[in-house]
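*Asks:* One file: data.pdb (PDB, C-alpha atoms).
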```pdb
ATOM      1  CA  MET M   1     -74.478 -88.803 -30.002
ATOM      2  CA  ASN M   2     -72.943 -87.141 -33.074
ATOM      3  CA  ALA M   3     -73.165 -83.729 -31.421
ATOM      4  CA  ARG M   4     -71.506 -85.078 -28.285
ATOM      5  CA  ARG M   5     -68.664 -86.662 -30.254
ATOM      6  CA  THR M   6     -68.135 -83.429 -32.179
ATOM      7  CA  LEU M   7     -67.890 -81.388 -28.991
ATOM      8  CA  MET M   8     -65.502 -83.856 -27.377
ATOM      9  CA  ARG M   9     -63.244 -83.830 -30.440
ATOM     10  CA  GLU M  10     -62.989 -80.045 -30.213
ATOM     11  CA  MET M  11     -61.709 -80.182 -26.627
ATOM     12  CA  ASN M  12     -58.018 -79.308 -26.370
ATOM     13  CA  GLY M  13     -55.334 -81.033 -24.295
ATOM     14  CA  GLN M  14     -56.141 -78.875 -21.271
ATOM     15  CA  GLY M  15     -59.750 -80.025 -21.230
ATOM     16  CA  LEU M  16     -61.032 -76.710 -22.579
ATOM     17  CA  TRP M  17     -62.729 -75.455 -25.713
ATOM     18  CA  GLU M  18     -61.316 -72.508 -27.617
ATOM     19  CA  GLY M  19     -63.060 -70.154 -30.004
ATOM     20  CA  THR M  20     -62.516 -67.111 -32.181
ATOM     21  CA  LEU M  21     -64.915 -64.226 -32.541
ATOM     22  CA  SER M  22     -65.664 -62.648 -35.885
ATOM     23  CA  SER M  23     -63.991 -59.387 -36.749
ATOM     24  CA  SER M  24     -66.172 -56.442 -35.834
ATOM     25  CA  ALA M  25     -66.734 -53.158 -37.650
ATOM     26  CA  LEU M  26     -67.835 -51.581 -34.375
ATOM     27  CA  ALA M  27     -64.714 -52.737 -32.536
ATOM     28  CA  THR M  28     -62.436 -51.761 -35.413
ATOM     29  CA  ALA M  29     -63.952 -48.291 -35.754
ATOM     30  CA  THR M  30     -63.673 -47.513 -32.057
ATOM     31  CA  ALA M  31     -60.161 -48.954 -31.766
ATOM     32  CA  VAL M  32     -58.650 -47.006 -34.665
ATOM     33  CA  PHE M  33     -60.322 -43.828 -33.476
ATOM     34  CA  ALA M  34     -59.117 -44.267 -29.900
ATOM     35  CA  LEU M  35     -55.549 -44.993 -31.000
ATOM     36  CA  SER M  36     -55.563 -41.908 -33.202
ATOM     37  CA  GLN M  37     -56.773 -39.727 -30.341
ATOM     38  CA  VAL M  38     -54.136 -41.016 -27.947
ATOM     39  CA  ASP M  39     -51.170 -40.742 -30.347
ATOM     40  CA  ARG M  40     -51.763 -40.665 -34.105
ATOM     41  CA  ASN M  41     -48.053 -40.638 -34.949
ATOM     42  CA  ALA M  42     -47.136 -43.623 -32.791
ATOM     43  CA  ASN M  43     -50.218 -45.591 -33.812
ATOM     44  CA  GLY M  44     -50.309 -44.606 -37.469
ATOM     45  CA  GLU M  45     -49.901 -48.107 -38.900
ATOM     46  CA  PHE M  46     -52.624 -49.569 -36.695
ATOM     47  CA  VAL M  47     -54.972 -46.747 -37.633
ATOM     48  CA  ALA M  48     -54.271 -46.954 -41.366
ATOM     49  CA  SER M  49     -54.785 -50.718 -41.618
ATOM     50  CA  GLY M  50     -57.938 -50.526 -39.515
ATOM     51  CA  LEU M  51     -59.418 -47.824 -41.718
ATOM     52  CA  GLN M  52     -58.625 -49.864 -44.815
ATOM     53  CA  TRP M  53     -60.460 -52.828 -43.304
ATOM     54  CA  LEU M  54     -63.521 -50.656 -42.657
ATOM     55  CA  VAL M  55     -63.553 -49.425 -46.250
ATOM     56  CA  ARG M  56     -63.186 -52.964 -47.601
ATOM     57  CA  ASN M  57     -65.968 -54.318 -45.416
ATOM     58  CA  ILE M  58     -68.712 -51.771 -45.951
ATOM     59  CA  ASN M  59     -72.024 -53.466 -46.728
ATOM     60  CA  ASP M  60     -73.606 -53.181 -50.159
ATOM     61  CA  ASP M  61     -76.253 -50.841 -48.767
ATOM     62  CA  GLY M  62     -73.632 -48.380 -47.484
ATOM     63  CA  GLY M  63     -73.784 -49.253 -43.800
ATOM     64  CA  TRP M  64     -71.958 -51.550 -41.410
ATOM     65  CA  GLY M  65     -73.210 -54.274 -39.096
ATOM     66  CA  ASP M  66     -71.718 -55.823 -35.990
ATOM     67  CA  SER M  67     -69.739 -58.233 -38.185
ATOM     68  CA  PRO M  68     -69.039 -58.478 -41.929
ATOM     69  CA  GLU M  69     -71.932 -60.941 -42.211
ATOM     70  CA  SER M  70     -74.390 -58.791 -40.242
ATOM     71  CA  LYS M  71     -77.056 -56.424 -41.494
ATOM     72  CA  SER M  72     -76.278 -52.738 -41.280
ATOM     73  CA  ASN M  73     -77.348 -50.978 -38.100
ATOM     74  CA  LEU M  74     -77.273 -47.365 -36.974
ATOM     75  CA  SER M  75     -74.809 -47.767 -34.100
ATOM     76  CA  ALA M  76     -72.071 -49.485 -36.107
ATOM     77  CA  THR M  77     -72.599 -47.219 -39.106
ATOM     78  CA  LEU M  78     -72.336 -44.014 -37.069
ATOM     79  CA  LEU M  79     -69.143 -45.233 -35.420
ATOM     80  CA  CYS M  80     -67.564 -46.241 -38.739
ATOM     81  CA  TRP M  81     -68.678 -42.961 -40.307
ATOM     82  CA  SER M  82     -66.984 -41.126 -37.439
ATOM     83  CA  ALA M  83     -63.802 -43.188 -37.698
ATOM     84  CA  LEU M  84     -63.520 -42.401 -41.400
ATOM     85  CA  THR M  85     -62.963 -38.730 -40.586
ATOM     86  CA  LEU M  86     -59.377 -39.960 -40.150
ATOM     87  CA  ALA M  87     -59.134 -41.469 -43.643
ATOM     88  CA  ASP M  88     -57.883 -40.059 -46.926
ATOM     89  CA  GLY M  89     -58.260 -41.271 -50.486
ATOM     90  CA  GLU M  90     -61.033 -41.878 -52.993
ATOM     91  CA  SER M  91     -62.141 -45.231 -51.598
ATOM     92  CA  ALA M  92     -62.596 -43.766 -48.116
ATOM     93  CA  ALA M  93     -64.424 -40.743 -49.516
ATOM     94  CA  ASP M  94     -66.734 -43.049 -51.445
ATOM     95  CA  ALA M  95     -67.419 -45.077 -48.289
ATOM     96  CA  VAL M  96     -68.293 -41.876 -46.432
ATOM     97  CA  LYS M  97     -70.742 -40.821 -49.157
ATOM     98  CA  ARG M  98     -72.409 -44.222 -49.144
ATOM     99  CA  ALA M  99     -72.627 -44.176 -45.347
ATOM    100  CA  GLU M 100     -74.228 -40.745 -45.383
ATOM    101  CA  ILE M 101     -76.846 -41.951 -47.854
ATOM    102  CA  TRP M 102     -77.593 -44.909 -45.554
ATOM    103  CA  ILE M 103     -77.839 -42.645 -42.495
ATOM    104  CA  ARG M 104     -80.170 -40.242 -44.300
ATOM    105  CA  GLU M 105     -82.394 -43.120 -45.341
ATOM    106  CA  THR M 106     -82.428 -44.487 -41.781
ATOM    107  CA  VAL M 107     -82.611 -41.297 -39.712
ATOM    108  CA  GLY M 108     -84.108 -38.993 -42.313
ATOM    109  CA  THR M 109     -81.332 -36.420 -42.103
ATOM    110  CA  LEU M 110     -77.699 -35.842 -41.143
ATOM    111  CA  GLU M 111     -78.587 -33.113 -38.669
ATOM    112  CA  PRO M 112     -76.889 -33.686 -35.286
ATOM    113  CA  VAL M 113     -80.101 -33.221 -33.323
ATOM    114  CA  ASP M 114     -81.835 -35.921 -35.363
ATOM    115  CA  ILE M 115     -78.915 -38.346 -35.165
ATOM    116  CA  ALA M 116     -78.759 -37.894 -31.390
ATOM    117  CA  ALA M 117     -82.511 -38.352 -31.091
ATOM    118  CA  ALA M 118     -82.430 -41.553 -33.163
ATOM    119  CA  ILE M 119     -79.690 -43.127 -31.043
ATOM    120  CA  THR M 120     -81.325 -42.044 -27.792
ATOM    121  CA  LYS M 121     -84.692 -43.404 -28.907
ATOM    122  CA  PHE M 122     -83.189 -46.748 -29.889
ATOM    123  CA  TYR M 123     -81.472 -47.346 -26.537
ATOM    124  CA  GLY M 124     -84.088 -45.657 -24.375
ATOM    125  CA  ASN M 125     -83.049 -44.978 -20.800
ATOM    126  CA  ASP M 126     -79.919 -47.126 -21.085
ATOM    127  CA  ARG M 127     -77.205 -44.509 -21.555
ATOM    128  CA  THR M 128     -74.483 -47.162 -21.268
ATOM    129  CA  PHE M 129     -74.628 -47.533 -25.053
ATOM    130  CA  SER M 130     -76.082 -44.310 -26.431
ATOM    131  CA  THR M 131     -73.697 -41.967 -24.621
ATOM    132  CA  PRO M 132     -70.445 -43.628 -25.816
ATOM    133  CA  ILE M 133     -71.689 -43.630 -29.420
ATOM    134  CA  LEU M 134     -72.595 -39.949 -29.295
ATOM    135  CA  THR M 135     -69.302 -39.198 -27.539
ATOM    136  CA  MET M 136     -67.278 -40.624 -30.414
ATOM    137  CA  CYS M 137     -69.463 -38.777 -32.921
ATOM    138  CA  ALA M 138     -68.867 -35.542 -30.997
ATOM    139  CA  ILE M 139     -65.092 -35.994 -30.811
ATOM    140  CA  ALA M 140     -65.004 -36.764 -34.541
ATOM    141  CA  GLY M 141     -66.958 -33.605 -35.321
ATOM    142  CA  ARG M 142     -69.920 -35.493 -36.774
ATOM    143  CA  LEU M 143     -72.322 -33.658 -34.455
ATOM    144  CA  GLY M 144     -71.226 -30.190 -35.490
ATOM    145  CA  SER M 145     -69.220 -27.500 -33.753
ATOM    146  CA  ASP M 146     -71.181 -27.882 -30.519
ATOM    147  CA  GLY M 147     -71.402 -31.662 -30.561
ATOM    148  CA  TRP M 148     -70.901 -32.111 -26.834
ATOM    149  CA  THR M 149     -74.344 -30.599 -26.324
ATOM    150  CA  TYR M 150     -75.795 -33.925 -27.478
ATOM    151  CA  VAL M 151     -73.696 -35.986 -25.060
ATOM    152  CA  TYR M 152     -75.434 -36.631 -21.758
ATOM    153  CA  GLN M 153     -73.418 -35.561 -18.726
ATOM    154  CA  LEU M 154     -72.721 -38.784 -16.863
ATOM    155  CA  HIS M 155     -72.297 -38.117 -13.159
ATOM    156  CA  TYR M 156     -68.796 -39.477 -12.780
ATOM    157  CA  GLU M 157     -68.449 -37.800  -9.395
ATOM    158  CA  PHE M 158     -70.538 -40.646  -7.942
ATOM    159  CA  ALA M 159     -67.694 -43.068  -8.698
ATOM    160  CA  VAL M 160     -65.926 -42.005  -5.506
ATOM    161  CA  LEU M 161     -68.853 -43.196  -3.376
ATOM    162  CA  PRO M 162     -68.819 -46.637  -1.714
ATOM    163  CA  ARG M 163     -70.574 -49.259  -3.824
ATOM    164  CA  TRP M 164     -73.159 -50.009  -1.126
ATOM    165  CA  LEU M 165     -74.256 -46.373  -1.286
ATOM    166  CA  PHE M 166     -75.184 -46.840  -4.951
ATOM    167  CA  ARG M 167     -78.053 -49.096  -3.901
ATOM    168  CA  PHE M 168     -79.132 -46.767  -1.112
ATOM    169  CA  LEU M 169     -79.302 -43.823  -3.533
ATOM    170  CA  ARG M 170     -80.859 -46.062  -6.213
ATOM    171  CA  LEU M 171     -78.006 -45.402  -8.614
ATOM    172  CA  ASP M 172     -78.270 -48.122 -11.238
ATOM    173  CA  VAL M 173     -74.585 -48.400 -12.175
ATOM    174  CA  VAL M 174     -73.269 -51.859 -13.022
ATOM    175  CA  GLY M 175     -69.586 -52.606 -12.543
ATOM    176  CA  TYR M 176     -68.653 -52.730 -16.219
ATOM    177  CA  ALA M 177     -70.219 -49.280 -16.738
ATOM    178  CA  LEU M 178     -68.012 -47.504 -14.197
ATOM    179  CA  PRO M 179     -65.062 -47.007 -16.586
ATOM    180  CA  VAL M 180     -67.465 -45.432 -19.096
ATOM    181  CA  LEU M 181     -69.140 -43.370 -16.383
ATOM    182  CA  ILE M 182     -65.818 -41.905 -15.283
ATOM    183  CA  SER M 183     -64.079 -41.378 -18.618
ATOM    184  CA  ILE M 184     -66.995 -40.074 -20.670
ATOM    185  CA  GLY M 185     -68.373 -38.070 -17.762
ATOM    186  CA  LEU M 186     -64.989 -36.424 -17.385
ATOM    187  CA  ALA M 187     -64.686 -35.737 -21.129
ATOM    188  CA  ARG M 188     -68.125 -34.128 -21.216
ATOM    189  CA  HIS M 189     -67.271 -32.009 -18.174
ATOM    190  CA  ARG M 190     -63.994 -30.816 -19.678
ATOM    191  CA  ASN M 191     -65.511 -29.988 -23.072
ATOM    192  CA  LYS M 192     -68.954 -28.744 -22.046
ATOM    193  CA  PRO M 193     -68.922 -27.774 -18.356
ATOM    194  CA  ALA M 194     -72.223 -27.489 -16.536
ATOM    195  CA  SER M 195     -73.696 -24.035 -16.069
ATOM    196  CA  CYS M 196     -74.095 -24.774 -12.347
ATOM    197  CA  PRO M 197     -71.006 -23.472 -10.452
ATOM    198  CA  LEU M 198     -71.443 -26.049  -7.680
ATOM    199  CA  CYS M 199     -71.504 -28.922 -10.193
ATOM    200  CA  ARG M 200     -68.389 -27.645 -11.940
ATOM    201  CA  THR M 201     -66.514 -27.177  -8.680
ATOM    202  CA  THR M 202     -67.518 -30.567  -7.307
ATOM    203  CA  ARG M 203     -66.422 -32.354 -10.469
ATOM    204  CA  ASN M 204     -63.115 -30.527 -10.540
ATOM    205  CA  ILE M 205     -62.454 -31.491  -6.925
ATOM    206  CA  VAL M 206     -63.195 -35.210  -7.368
ATOM    207  CA  THR M 207     -61.460 -35.678 -10.731
ATOM    208  CA  GLY M 208     -58.225 -36.941  -9.188
ATOM    209  CA  ALA M 209     -60.048 -39.401  -6.950
ATOM    210  CA  CYS M 210     -62.126 -40.647  -9.885
ATOM    211  CA  MET M 211     -59.006 -41.262 -11.940
ATOM    212  CA  ARG M 212     -57.584 -43.314  -9.080
ATOM    213  CA  VAL M 213     -60.779 -45.389  -9.043
ATOM    214  CA  LEU M 214     -60.458 -45.903 -12.790
ATOM    215  CA  ARG M 215     -56.851 -47.014 -12.418
ATOM    216  CA  LYS M 216     -57.892 -49.617  -9.845
ATOM    217  CA  LEU M 217     -60.617 -50.899 -12.170
ATOM    218  CA  GLN M 218     -58.205 -51.381 -15.065
ATOM    219  CA  PRO M 219     -56.657 -54.863 -15.391
ATOM    220  CA  LYS M 220     -52.894 -55.149 -15.766
ATOM    221  CA  HIS M 221     -53.159 -55.833 -19.494
ATOM    222  CA  GLY M 222     -55.000 -52.528 -19.943
ATOM    223  CA  GLY M 223     -58.230 -53.799 -21.475
ATOM    224  CA  PHE M 224     -61.534 -53.296 -19.702
ATOM    225  CA  LEU M 225     -63.395 -56.636 -19.788
ATOM    226  CA  GLU M 226     -60.886 -57.541 -22.528
ATOM    227  CA  ALA M 227     -63.272 -55.780 -24.917
ATOM    228  CA  ALA M 228     -61.987 -53.454 -27.632
ATOM    229  CA  PRO M 229     -65.060 -51.162 -27.775
ATOM    230  CA  LEU M 230     -65.250 -50.553 -24.025
ATOM    231  CA  THR M 231     -61.499 -49.996 -23.801
ATOM    232  CA  SER M 232     -61.617 -47.715 -26.842
ATOM    233  CA  PHE M 233     -64.384 -45.532 -25.449
ATOM    234  CA  VAL M 234     -62.411 -45.102 -22.240
ATOM    235  CA  ALA M 235     -59.182 -44.236 -24.074
ATOM    236  CA  MET M 236     -60.700 -41.758 -26.538
ATOM    237  CA  SER M 237     -62.679 -40.051 -23.777
ATOM    238  CA  LEU M 238     -59.664 -39.669 -21.512
ATOM    239  CA  ALA M 239     -57.705 -38.249 -24.436
ATOM    240  CA  ALA M 240     -60.532 -35.782 -25.106
ATOM    241  CA  ALA M 241     -60.463 -34.828 -21.423
ATOM    242  CA  GLY M 242     -56.755 -34.008 -21.545
ATOM    243  CA  PHE M 243     -55.394 -37.267 -20.128
ATOM    244  CA  LYS M 244     -53.530 -38.603 -23.174
ATOM    245  CA  GLY M 245     -50.414 -39.348 -21.171
ATOM    246  CA  HIS M 246     -52.142 -40.835 -18.145
ATOM    247  CA  GLU M 247     -51.247 -44.404 -17.208
ATOM    248  CA  VAL M 248     -54.802 -45.646 -17.769
ATOM    249  CA  THR M 249     -54.902 -44.154 -21.261
ATOM    250  CA  THR M 250     -51.536 -45.474 -22.407
ATOM    251  CA  ARG M 251     -52.221 -48.959 -21.042
ATOM    252  CA  ALA M 252     -55.577 -49.009 -22.806
ATOM    253  CA  ALA M 253     -53.881 -47.984 -26.057
ATOM    254  CA  SER M 254     -51.301 -50.757 -25.653
ATOM    255  CA  PHE M 255     -54.068 -53.305 -25.165
ATOM    256  CA  LEU M 256     -55.763 -52.092 -28.342
ATOM    257  CA  SER M 257     -52.640 -52.111 -30.489
ATOM    258  CA  GLU M 258     -51.804 -55.641 -29.357
ATOM    259  CA  GLY M 259     -55.311 -56.833 -30.207
ATOM    260  CA  GLN M 260     -55.339 -55.874 -33.870
ATOM    261  CA  ARG M 261     -55.548 -58.790 -36.290
ATOM    262  CA  SER M 262     -53.313 -59.221 -39.316
ATOM    263  CA  ASP M 263     -56.080 -58.029 -41.649
ATOM    264  CA  GLY M 264     -56.388 -54.744 -39.734
ATOM    265  CA  SER M 265     -59.552 -55.573 -37.799
ATOM    266  CA  TRP M 266     -60.440 -56.106 -34.150
ATOM    267  CA  PRO M 267     -62.904 -58.556 -32.582
ATOM    268  CA  ILE M 268     -65.370 -57.401 -29.929
ATOM    269  CA  ASP M 269     -63.627 -59.465 -27.231
ATOM    270  CA  THR M 270     -60.195 -61.056 -27.149
ATOM    271  CA  ASN M 271     -60.609 -63.891 -24.671
ATOM    272  CA  LEU M 272     -63.225 -66.635 -24.975
ATOM    273  CA  SER M 273     -61.485 -69.024 -22.578
ATOM    274  CA  MET M 274     -64.376 -68.849 -20.117
ATOM    275  CA  TRP M 275     -67.378 -68.294 -22.375
ATOM    276  CA  VAL M 276     -66.730 -71.134 -24.838
ATOM    277  CA  PRO M 277     -66.126 -73.837 -22.183
ATOM    278  CA  ILE M 278     -69.254 -72.760 -20.299
ATOM    279  CA  GLN M 279     -71.385 -72.981 -23.440
ATOM    280  CA  SER M 280     -69.830 -76.326 -24.379
ATOM    281  CA  VAL M 281     -70.441 -77.829 -20.935
ATOM    282  CA  ASN M 282     -74.023 -76.554 -21.012
ATOM    283  CA  ALA M 283     -74.515 -78.163 -24.415
ATOM    284  CA  LEU M 284     -73.135 -81.486 -23.186
ATOM    285  CA  SER M 285     -75.436 -81.310 -20.166
ATOM    286  CA  ARG M 286     -78.473 -80.782 -22.378
ATOM    287  CA  ILE M 287     -77.435 -83.686 -24.603
ATOM    288  CA  HIS M 288     -77.102 -85.916 -21.529
ATOM    289  CA  LEU M 289     -80.500 -84.834 -20.175
ATOM    290  CA  ASN M 290     -82.168 -85.442 -23.528
ATOM    291  CA  GLN M 291     -80.662 -88.916 -23.706
ATOM    292  CA  ASP M 292     -81.921 -89.720 -20.202
ATOM    293  CA  ALA M 293     -85.386 -88.414 -21.057
ATOM    294  CA  SER M 294     -85.557 -90.574 -24.171
ATOM    295  CA  LYS M 295     -85.014 -93.670 -22.031
ATOM    296  CA  VAL M 296     -88.021 -92.957 -19.814
TER
END
```
Starting from the coordinates I provided, produce the structure as structure tokens.

*Replies:*
Amino acid sequence: MNARRTLMREMNGQGLWEGTLSSSALATATAVFALSQVDRNANGEFVASGLQWLVRNINDDGGWGDSPESKSNLSATLLCWSALTLADGESAADAVKRAEIWIRETVGTLEPVDIAAAITKFYGNDRTFSTPILTMCAIAGRLGSDGWTYVYQLHYEFAVLPRWLFRFLRLDVVGYALPVLISIGLARHRNKPASCPLCRTTRNIVTGACMRVLRKLQPKHGGFLEAAPLTSFVAMSLAAAGFKGHEVTTRAASFLSEGQRSDGSWPIDTNLSMWVPIQSVNALSRIHLNQDASKV
């Protein structure tokens, strides 16, 4: 009964529950990097405060986790390490040194081929996560002068196909991955074109159509799934592909700049209006079922 009363007290006047996500090193790193790639001059204040937050919130072991309270992990640490290529000053330089020690201890080396192999091994066949991480590392120069070699070429040309054809061709592309498929695939193509002339020509031909698909997928507020990391990966990739001034890119950047918190950080998502009520209702249902069971 105490749990039920607590949940009911937290309900607002609209009959909903609200919540706030923790600040995220991963979201902050990707957001500041994306904003810098789109327009460093216009977004300078957002970038500077975000970088300061990353430096302040490095873990004692030299890495970063998904939140300030989380254990360090390779994905977040690589993204923060890449974002800090934008930073100046002794504190940022010290954070970079500590991060590189952590990466060496975790991966065994700072060699691009080993970093790419470690990320790929961790995520396995799911390139939805490994490819964006390696893309940001490549843009930041953390994978060397030929960093795009380590970024898998996503077949963004398939985005122009009807969705039903995805199943027929056994293309396992979920809806939320399409913005990543298009933007990162395009960035890889522009920076490291395929050796196959037919592939290059086909991708050049469908680029305009793919950008129109991406524009249709983007909500009016500019954020894909209202998530800073996903939106950031799209924005930085489009900028790397030569689309800094495109409507999709500028709207994504606006979404990111509006989502920065006063301390310089970003959360993973900005809107919990659906998730929190669903979890609260589920909790109340379980409480009710448990009470009924206890009466039997």

*Asks:* Nearest residue to Ser49 (chain M) out of M:Ser67, M:Ser91, M:Thr131, M:Thr28, using only C-alpha atoms?

*Replies:*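 Residue with the minimum atom-to-atom distance to Ser49 (chain M): M:Thr28.
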
*Asks:* Quick one: apply the PyMOL selection byres ((chain M and resi 160) around 9) to the file and drop the selected residues here as a count of residues only.

*Replies:* 11

*Asks:* Which one is closest to Ser232 (chain M): M:Trp64, M:Phe46, M:Phe33, M:Tyr123? Count all atoms listed in the file.

*Replies:* M:Phe33

*Asks:* Would you pick out the contacts of Ala76 (chain M) at 7 Å or less, using all atoms listed in the file, so that residues sharing its chain but fewer than 5 positions from it are not included, and give the list as a ChimeraX atom specification?

*Replies:* /M:25-26,64-66

*Asks:* Just the number, please: distance in Å from CA of Gly108 (chain M) to CA of Gly144 (chain M), one decimal.

*Replies:*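 If I compute the distance from CA of Gly108 (chain M) to CA of Gly144 (chain M), I get 17.0 Å.
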
*Asks:* Within 7 Å of (-73.0, -36.9, -19.1), all atoms listed in the file: residues as an MDAnalysis selection string?

*Replies:* chainID M and resid 151:155 184:185 188

*Asks:* Run the PyMOL selection byres ((chain M and resi 30) around 8) on the file and write out the hits as a list in words.

*Replies:*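 So the PyMOL selection byres ((chain M and resi 30) around 8) ends up selecting Leu26, Ala27, Thr28, Ala29, Ala31, Val32, Phe33, Ala34, Leu79, Cys80, Ala83, Met136, Ala228, Pro229, Ser232 and Phe233 of chain M.
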
*Asks:* Which is closer to Ile139 (chain M) than all the others in M:Ser265, M:Ala177, M:Pro193, M:Met236, using only C-alpha atoms?

*Replies:*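 Under the stated criterion, the closest residue is M:Met236.
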
*Asks:* Can you list, as an mmCIF file with C-alpha atoms, in the coordinates of the input, the residues that the PyMOL selection byres ((chain M and resi 77) around 12) selects here?

*Replies:*
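Full text of part-v7.cif as output:
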```cif
data_model
loop_
_atom_site.group_PDB
_atom_site.id
_atom_site.type_symbol
_atom_site.label_atom_id
_atom_site.label_comp_id
_atom_site.auth_asym_id
_atom_site.auth_seq_id
_atom_site.Cartn_x
_atom_site.Cartn_y
_atom_site.Cartn_z
ATOM 1 C CA SER M 24 -66.172 -56.442 -35.834
ATOM 2 C CA ALA M 25 -66.734 -53.158 -37.650
ATOM 3 C CA LEU M 26 -67.835 -51.581 -34.375
ATOM 4 C CA ALA M 27 -64.714 -52.737 -32.536
ATOM 5 C CA THR M 28 -62.436 -51.761 -35.413
ATOM 6 C CA ALA M 29 -63.952 -48.291 -35.754
ATOM 7 C CA THR M 30 -63.673 -47.513 -32.057
ATOM 8 C CA LEU M 54 -63.521 -50.656 -42.657
ATOM 9 C CA VAL M 55 -63.553 -49.425 -46.250
ATOM 10 C CA ASN M 57 -65.968 -54.318 -45.416
ATOM 11 C CA ILE M 58 -68.712 -51.771 -45.951
ATOM 12 C CA ASN M 59 -72.024 -53.466 -46.728
ATOM 13 C CA ASP M 61 -76.253 -50.841 -48.767
ATOM 14 C CA GLY M 62 -73.632 -48.380 -47.484
ATOM 15 C CA GLY M 63 -73.784 -49.253 -43.800
ATOM 16 C CA TRP M 64 -71.958 -51.550 -41.410
ATOM 17 C CA GLY M 65 -73.210 -54.274 -39.096
ATOM 18 C CA ASP M 66 -71.718 -55.823 -35.990
ATOM 19 C CA SER M 67 -69.739 -58.233 -38.185
ATOM 20 C CA SER M 70 -74.390 -58.791 -40.242
ATOM 21 C CA LYS M 71 -77.056 -56.424 -41.494
ATOM 22 C CA SER M 72 -76.278 -52.738 -41.280
ATOM 23 C CA ASN M 73 -77.348 -50.978 -38.100
ATOM 24 C CA LEU M 74 -77.273 -47.365 -36.974
ATOM 25 C CA SER M 75 -74.809 -47.767 -34.100
ATOM 26 C CA ALA M 76 -72.071 -49.485 -36.107
ATOM 27 C CA LEU M 78 -72.336 -44.014 -37.069
ATOM 28 C CA LEU M 79 -69.143 -45.233 -35.420
ATOM 29 C CA CYS M 80 -67.564 -46.241 -38.739
ATOM 30 C CA TRP M 81 -68.678 -42.961 -40.307
ATOM 31 C CA SER M 82 -66.984 -41.126 -37.439
ATOM 32 C CA ALA M 83 -63.802 -43.188 -37.698
ATOM 33 C CA LEU M 84 -63.520 -42.401 -41.400
ATOM 34 C CA ALA M 95 -67.419 -45.077 -48.289
ATOM 35 C CA VAL M 96 -68.293 -41.876 -46.432
ATOM 36 C CA ARG M 98 -72.409 -44.222 -49.144
ATOM 37 C CA ALA M 99 -72.627 -44.176 -45.347
ATOM 38 C CA GLU M 100 -74.228 -40.745 -45.383
ATOM 39 C CA ILE M 101 -76.846 -41.951 -47.854
ATOM 40 C CA TRP M 102 -77.593 -44.909 -45.554
ATOM 41 C CA ILE M 103 -77.839 -42.645 -42.495
ATOM 42 C CA ARG M 104 -80.170 -40.242 -44.300
ATOM 43 C CA THR M 106 -82.428 -44.487 -41.781
ATOM 44 C CA VAL M 107 -82.611 -41.297 -39.712
ATOM 45 C CA ILE M 115 -78.915 -38.346 -35.165
ATOM 46 C CA ILE M 119 -79.690 -43.127 -31.043
ATOM 47 C CA ILE M 133 -71.689 -43.630 -29.420
ATOM 48 C CA CYS M 137 -69.463 -38.777 -32.921
#
```

*Asks:* State, in Å with one decimal place, the distance from CA of Ala194 (chain M) to CA of Ala253 (chain M).

*Replies:*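 The value is 29.1 Å.
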
*Asks:* Quick one: pull the distance between CA of Ser237 (chain M) and CA of Ala187 (chain M), Å, one decimal.

*Replies:*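 Taking CA of Ser237 (chain M) and CA of Ala187 (chain M), their separation equals 5.4 Å.
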
*Asks:* Between M:Ile268, M:Met211, M:Leu178, M:Leu225, which is the closest to Phe243 (chain M) once you count only C-alpha atoms?

*Replies:*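 The shortest atom-to-atom distance to Phe243 (chain M) comes from M:Met211.
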